[in-house]
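Right, one structure below, let's go through it.
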Amino acid sequence: MNRKKITGDFQTPQNFTDKVCRLLYDKLGLRPKTILEPTCGEGNFLMSSRVFRAEKYYGVEINPAYCQIARENMSGTDTAYFIPFTSYDDAYVAILYLNSDAVRDFLKARTFPDAKRPYTKKILQNLDFSKIESAVPLSEVKMTELNLGLTPYVTSDMVKSFAEKTCS
């Protein structure tokens, strides 16, 4: 079976992402401050979502080649951040860590929430997953998952595997 079939690789056409974002902006009045596109591929939804003029754009992608394409497609947008991972589970654990109370408190202490861009590249580069992993117990990771309204999925094995890859 080829990788494209295994990963469900499908790039949403740009003309479709443009229409969806325009509809959300014009007809529904949606004005999000943050855009997160999990499985962003080449970043078509990220590019189309610039219509919202959000403060931050995040793309998560397990394919490093697509992540690079998305980064290039969003060049000139200094509010876009891309975090490449080699597996869905690693990206999922990272999202839970980054949304944990401990990391939110860390960021609040170092940012100015009223700033146009409270999360600068310098602030984000100070995030250290090995320190996050030691400060955020599995119980808080699971609570973060529930607080985000996600179906329980994370396991201790996923967190352990993530730590072995990113914290060593």
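Each chain in the structure tokens gets a letter, A, B and so on, in the order shown; residues start at 1 in every chain, and ligands are counted from 1 in the order they appear.
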Rows by chain and residue number, region 59-127 of chain A within 12 Å of region 152-166 of chain A, shortest pair, only C-alpha atoms, as CSV:
residue,atom,partner,partner_atom,distance
A:Pro84,CA,A:Thr166,CA,11.8
A:Phe85,CA,A:Thr166,CA,9.9
A:Thr86,CA,A:Lys165,CA,9.9
A:Ser87,CA,A:Phe162,CA,9.6
A:Tyr88,CA,A:Met158,CA,10.3
A:Asp89,CA,A:Met158,CA,6.5
A:Asp90,CA,A:Phe162,CA,5.5
A:Ala91,CA,A:Phe162,CA,8.9
A:Tyr92,CA,A:Val154,CA,7.9
A:Val93,CA,A:Val159,CA,6.4
A:Ala94,CA,A:Phe162,CA,8.1
A:Ile95,CA,A:Val154,CA,11.1
A:Leu96,CA,A:Val154,CA,9.0
A:Tyr97,CA,A:Val159,CA,9.7
As a VMD selection string, please: the residues near region 120-128 of chain A (cut-off 8 Å, only C-alpha atoms, same-chain neighbours under 6 positions excluded). chain A and resid 107 110 to 111
Please return as a ChimeraX atom specification: the residues of chain A that backbone DSSP assigns to alpha helix (DSSP H). /A:3-7,14-26,44-48,64-73,88-98,101-110,121-125,129-135,138-147,156-166
Produce a file of the selected residues containing C-alpha atoms, as an mmCIF file, in the first residue's frame.
data_model
loop_
_atom_site.group_PDB
_atom_site.id
_atom_site.type_symbol
_atom_site.label_atom_id
_atom_site.label_comp_id
_atom_site.auth_asym_id
_atom_site.auth_seq_id
_atom_site.Cartn_x
_atom_site.Cartn_y
_atom_site.Cartn_z
ATOM 1 C CA ARG A 3 2.174 6.085 1.702
ATOM 2 C CA LYS A 4 -0.380 8.455 0.171
ATOM 3 C CA LYS A 5 -3.148 5.934 0.778
ATOM 4 C CA ILE A 6 -1.913 5.095 4.298
ATOM 5 C CA THR A 7 -1.713 8.722 5.476
ATOM 6 C CA GLN A 14 -7.078 26.398 -2.890
ATOM 7 C CA ASN A 15 -10.265 27.559 -4.643
ATOM 8 C CA PHE A 16 -12.311 25.536 -2.138
ATOM 9 C CA THR A 17 -10.402 26.815 0.932
ATOM 10 C CA ASP A 18 -10.810 30.384 -0.365
ATOM 11 C CA LYS A 19 -14.596 29.901 -0.654
ATOM 12 C CA VAL A 20 -14.905 28.325 2.797
ATOM 13 C CA CYS A 21 -12.925 31.071 4.535
ATOM 14 C CA ARG A 22 -14.736 33.819 2.604
ATOM 15 C CA LEU A 23 -18.096 32.333 3.614
ATOM 16 C CA LEU A 24 -17.060 32.147 7.270
ATOM 17 C CA TYR A 25 -15.783 35.724 7.164
ATOM 18 C CA ASP A 26 -18.467 37.421 5.044
ATOM 19 C CA ASN A 44 -4.054 25.934 1.711
ATOM 20 C CA PHE A 45 -6.486 26.633 4.553
ATOM 21 C CA LEU A 46 -3.800 28.660 6.334
ATOM 22 C CA MET A 47 -3.258 30.792 3.237
ATOM 23 C CA SER A 48 -6.994 31.295 2.700
ATOM 24 C CA PRO A 64 8.387 17.469 6.512
ATOM 25 C CA ALA A 65 8.203 18.249 2.781
ATOM 26 C CA TYR A 66 4.646 19.562 3.105
ATOM 27 C CA CYS A 67 5.600 21.503 6.214
ATOM 28 C CA GLN A 68 8.335 23.251 4.234
ATOM 29 C CA ILE A 69 5.921 24.040 1.380
ATOM 30 C CA ALA A 70 3.388 25.457 3.858
ATOM 31 C CA ARG A 71 6.125 27.543 5.485
ATOM 32 C CA GLU A 72 7.090 28.939 2.069
ATOM 33 C CA ASN A 73 3.445 29.562 1.158
ATOM 34 C CA TYR A 88 0.202 12.058 14.422
ATOM 35 C CA ASP A 89 0.571 10.853 18.023
ATOM 36 C CA ASP A 90 3.630 13.061 18.600
ATOM 37 C CA ALA A 91 1.813 16.091 17.172
ATOM 38 C CA TYR A 92 -1.208 15.295 19.351
ATOM 39 C CA VAL A 93 0.863 15.056 22.541
ATOM 40 C CA ALA A 94 2.649 18.312 21.663
ATOM 41 C CA ILE A 95 -0.683 20.103 21.194
ATOM 42 C CA LEU A 96 -1.826 18.877 24.609
ATOM 43 C CA TYR A 97 1.422 19.960 26.266
ATOM 44 C CA LEU A 98 1.281 23.384 24.601
ATOM 45 C CA ASP A 101 -2.081 25.075 32.288
ATOM 46 C CA ALA A 102 1.652 24.938 33.063
ATOM 47 C CA VAL A 103 2.642 26.108 29.576
ATOM 48 C CA ARG A 104 -0.142 28.695 29.472
ATOM 49 C CA ASP A 105 1.098 30.085 32.811
ATOM 50 C CA PHE A 106 4.681 30.121 31.485
ATOM 51 C CA LEU A 107 3.573 32.054 28.405
ATOM 52 C CA LYS A 108 1.377 34.475 30.371
ATOM 53 C CA ALA A 109 4.353 35.362 32.572
ATOM 54 C CA ARG A 110 6.491 36.207 29.538
ATOM 55 C CA LYS A 121 9.520 33.588 17.782
ATOM 56 C CA LYS A 122 11.891 34.277 20.680
ATOM 57 C CA ILE A 123 9.249 33.313 23.265
ATOM 58 C CA LEU A 124 8.359 30.142 21.369
ATOM 59 C CA GLN A 125 12.018 29.179 21.053
ATOM 60 C CA PHE A 129 9.710 19.996 25.690
ATOM 61 C CA SER A 130 11.988 18.179 28.147
ATOM 62 C CA LYS A 131 11.135 20.754 30.830
ATOM 63 C CA ILE A 132 7.463 20.731 29.845
ATOM 64 C CA GLU A 133 7.385 16.929 30.019
ATOM 65 C CA SER A 134 8.855 16.942 33.535
ATOM 66 C CA ALA A 135 6.498 19.716 34.722
ATOM 67 C CA LEU A 138 0.046 12.612 32.539
ATOM 68 C CA SER A 139 -3.039 13.497 34.583
ATOM 69 C CA GLU A 140 -2.754 17.135 33.466
ATOM 70 C CA VAL A 141 -2.189 16.062 29.851
ATOM 71 C CA LYS A 142 -5.412 14.039 30.024
ATOM 72 C CA MET A 143 -7.260 16.915 31.707
ATOM 73 C CA THR A 144 -6.074 19.281 28.962
ATOM 74 C CA GLU A 145 -7.464 16.872 26.385
ATOM 75 C CA LEU A 146 -10.859 16.951 28.102
ATOM 76 C CA ASN A 147 -10.770 20.739 28.564
ATOM 77 C CA SER A 156 0.878 6.928 28.808
ATOM 78 C CA ASP A 157 2.715 5.041 26.027
ATOM 79 C CA MET A 158 2.156 7.973 23.629
ATOM 80 C CA VAL A 159 3.518 10.446 26.169
ATOM 81 C CA LYS A 160 6.484 8.181 26.930
ATOM 82 C CA SER A 161 7.256 7.762 23.217
ATOM 83 C CA PHE A 162 7.017 11.527 22.693
ATOM 84 C CA ALA A 163 9.401 12.134 25.597
ATOM 85 C CA GLU A 164 11.896 9.596 24.263
ATOM 86 C CA LYS A 165 11.953 11.314 20.855
ATOM 87 C CA THR A 166 11.894 14.965 21.865
#
Would you give me, as a list in words, the residues in region 4-158 of chain A that DSSP reads as strand (DSSP E)?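 Secondary structure check on region 4-158 of chain A, strand (DSSP E): Thr34, Ile35, Leu36, Glu37, Pro38, Lys56, Tyr57, Tyr58, Gly59, Val60, Glu61, Ala80, Tyr81, Phe82, Ile83 and Pro84 of chain A.
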Any chance you can output those residues with all heavy atoms as a compact mmCIF listing (two decimals), in the first residue's frame?
# COMPACT_ATOMS: atom_id res chain seq x y z
N THR A 34 -6.84 33.23 16.51
CA THR A 34 -5.84 32.20 16.25
C THR A 34 -6.40 31.20 15.25
O THR A 34 -7.56 30.81 15.35
CB THR A 34 -5.48 31.45 17.55
OG1 THR A 34 -5.00 32.40 18.51
CG2 THR A 34 -4.41 30.40 17.30
N ILE A 35 -5.56 30.81 14.31
CA ILE A 35 -5.92 29.78 13.33
C ILE A 35 -5.01 28.59 13.57
O ILE A 35 -3.79 28.74 13.62
CB ILE A 35 -5.72 30.28 11.87
CG1 ILE A 35 -6.51 31.56 11.60
CG2 ILE A 35 -6.04 29.17 10.88
CD1 ILE A 35 -8.00 31.41 11.61
N LEU A 36 -5.59 27.42 13.74
CA LEU A 36 -4.82 26.18 13.88
C LEU A 36 -5.30 25.23 12.80
O LEU A 36 -6.48 24.92 12.72
CB LEU A 36 -5.05 25.55 15.26
CG LEU A 36 -4.52 24.12 15.43
CD1 LEU A 36 -3.00 24.08 15.29
CD2 LEU A 36 -4.96 23.55 16.76
N GLU A 37 -4.36 24.81 11.96
CA GLU A 37 -4.71 23.82 10.95
C GLU A 37 -3.91 22.55 11.19
O GLU A 37 -2.76 22.43 10.80
CB GLU A 37 -4.43 24.34 9.52
CG GLU A 37 -4.94 23.35 8.49
CD GLU A 37 -4.67 23.74 7.05
OE1 GLU A 37 -4.07 24.79 6.79
OE2 GLU A 37 -5.07 22.95 6.18
N PRO A 38 -4.55 21.58 11.91
CA PRO A 38 -3.87 20.30 12.07
C PRO A 38 -3.88 19.59 10.72
O PRO A 38 -4.78 19.80 9.92
CB PRO A 38 -4.74 19.56 13.09
CG PRO A 38 -6.03 20.27 13.11
CD PRO A 38 -5.84 21.63 12.53
N LYS A 56 -2.39 34.94 15.14
CA LYS A 56 -1.46 33.82 15.05
C LYS A 56 -2.02 32.76 14.12
O LYS A 56 -3.23 32.55 14.07
CB LYS A 56 -1.24 33.18 16.42
CG LYS A 56 -0.58 34.10 17.42
CD LYS A 56 -0.56 33.45 18.78
CE LYS A 56 -1.92 33.65 19.39
NZ LYS A 56 -2.08 33.34 20.75
N TYR A 57 -1.12 32.10 13.43
CA TYR A 57 -1.47 30.99 12.55
C TYR A 57 -0.55 29.82 12.89
O TYR A 57 0.67 30.00 12.95
CB TYR A 57 -1.26 31.37 11.08
CG TYR A 57 -2.15 32.49 10.62
CD1 TYR A 57 -1.81 33.82 10.88
CD2 TYR A 57 -3.32 32.24 9.92
CE1 TYR A 57 -2.61 34.85 10.47
CE2 TYR A 57 -4.13 33.27 9.50
CZ TYR A 57 -3.78 34.58 9.77
OH TYR A 57 -4.58 35.60 9.35
N TYR A 58 -1.11 28.65 13.12
CA TYR A 58 -0.32 27.46 13.41
C TYR A 58 -0.68 26.37 12.42
O TYR A 58 -1.85 26.12 12.16
CB TYR A 58 -0.59 26.93 14.83
CG TYR A 58 -0.18 27.87 15.92
CD1 TYR A 58 -1.08 28.76 16.50
CD2 TYR A 58 1.12 27.85 16.39
CE1 TYR A 58 -0.70 29.62 17.51
CE2 TYR A 58 1.52 28.71 17.41
CZ TYR A 58 0.59 29.59 17.96
OH TYR A 58 0.97 30.43 18.97
N GLY A 59 0.34 25.72 11.90
CA GLY A 59 0.14 24.56 11.04
C GLY A 59 0.86 23.38 11.65
O GLY A 59 2.01 23.51 12.06
N VAL A 60 0.21 22.24 11.71
CA VAL A 60 0.82 21.02 12.21
C VAL A 60 0.79 20.01 11.08
O VAL A 60 -0.25 19.79 10.46
CB VAL A 60 0.06 20.47 13.45
CG1 VAL A 60 0.69 19.18 13.93
CG2 VAL A 60 0.02 21.52 14.55
N GLU A 61 1.93 19.41 10.80
CA GLU A 61 2.03 18.49 9.67
C GLU A 61 3.11 17.45 9.95
O GLU A 61 4.18 17.80 10.45
CB GLU A 61 2.37 19.27 8.39
CG GLU A 61 2.61 18.43 7.17
CD GLU A 61 1.45 17.52 6.84
OE1 GLU A 61 0.29 17.97 6.76
OE2 GLU A 61 1.70 16.31 6.66
N ALA A 80 2.90 33.20 11.51
CA ALA A 80 2.68 31.79 11.22
C ALA A 80 3.83 30.96 11.78
O ALA A 80 4.99 31.28 11.59
CB ALA A 80 2.55 31.57 9.72
N TYR A 81 3.47 29.89 12.48
CA TYR A 81 4.46 29.00 13.08
C TYR A 81 4.17 27.57 12.65
O TYR A 81 3.02 27.15 12.64
CB TYR A 81 4.41 29.09 14.61
CG TYR A 81 4.53 30.49 15.11
CD1 TYR A 81 3.41 31.23 15.47
CD2 TYR A 81 5.77 31.12 15.17
CE1 TYR A 81 3.52 32.54 15.91
CE2 TYR A 81 5.89 32.43 15.60
CZ TYR A 81 4.77 33.13 15.97
OH TYR A 81 4.86 34.42 16.39
N PHE A 82 5.20 26.84 12.30
CA PHE A 82 5.05 25.46 11.87
C PHE A 82 5.91 24.57 12.75
O PHE A 82 7.07 24.87 13.00
CB PHE A 82 5.46 25.30 10.41
CG PHE A 82 4.55 26.05 9.49
CD1 PHE A 82 4.83 27.36 9.15
CD2 PHE A 82 3.40 25.47 9.00
CE1 PHE A 82 3.98 28.08 8.33
CE2 PHE A 82 2.54 26.17 8.18
CZ PHE A 82 2.83 27.48 7.84
N ILE A 83 5.30 23.50 13.22
CA ILE A 83 6.00 22.57 14.08
C ILE A 83 5.90 21.20 13.42
O ILE A 83 4.83 20.58 13.45
CB ILE A 83 5.36 22.53 15.49
CG1 ILE A 83 5.24 23.95 16.07
CG2 ILE A 83 6.15 21.63 16.41
CD1 ILE A 83 4.42 24.03 17.34
N PRO A 84 6.98 20.73 12.81
CA PRO A 84 6.91 19.43 12.13
C PRO A 84 7.07 18.26 13.12
O PRO A 84 7.87 18.34 14.04
CB PRO A 84 8.08 19.48 11.15
CG PRO A 84 9.06 20.40 11.79
CD PRO A 84 8.25 21.40 12.58
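In this model, the gap between CA of Ser75 (chain A) and CA of Lys27 (chain A) comes to 28.0 Å.
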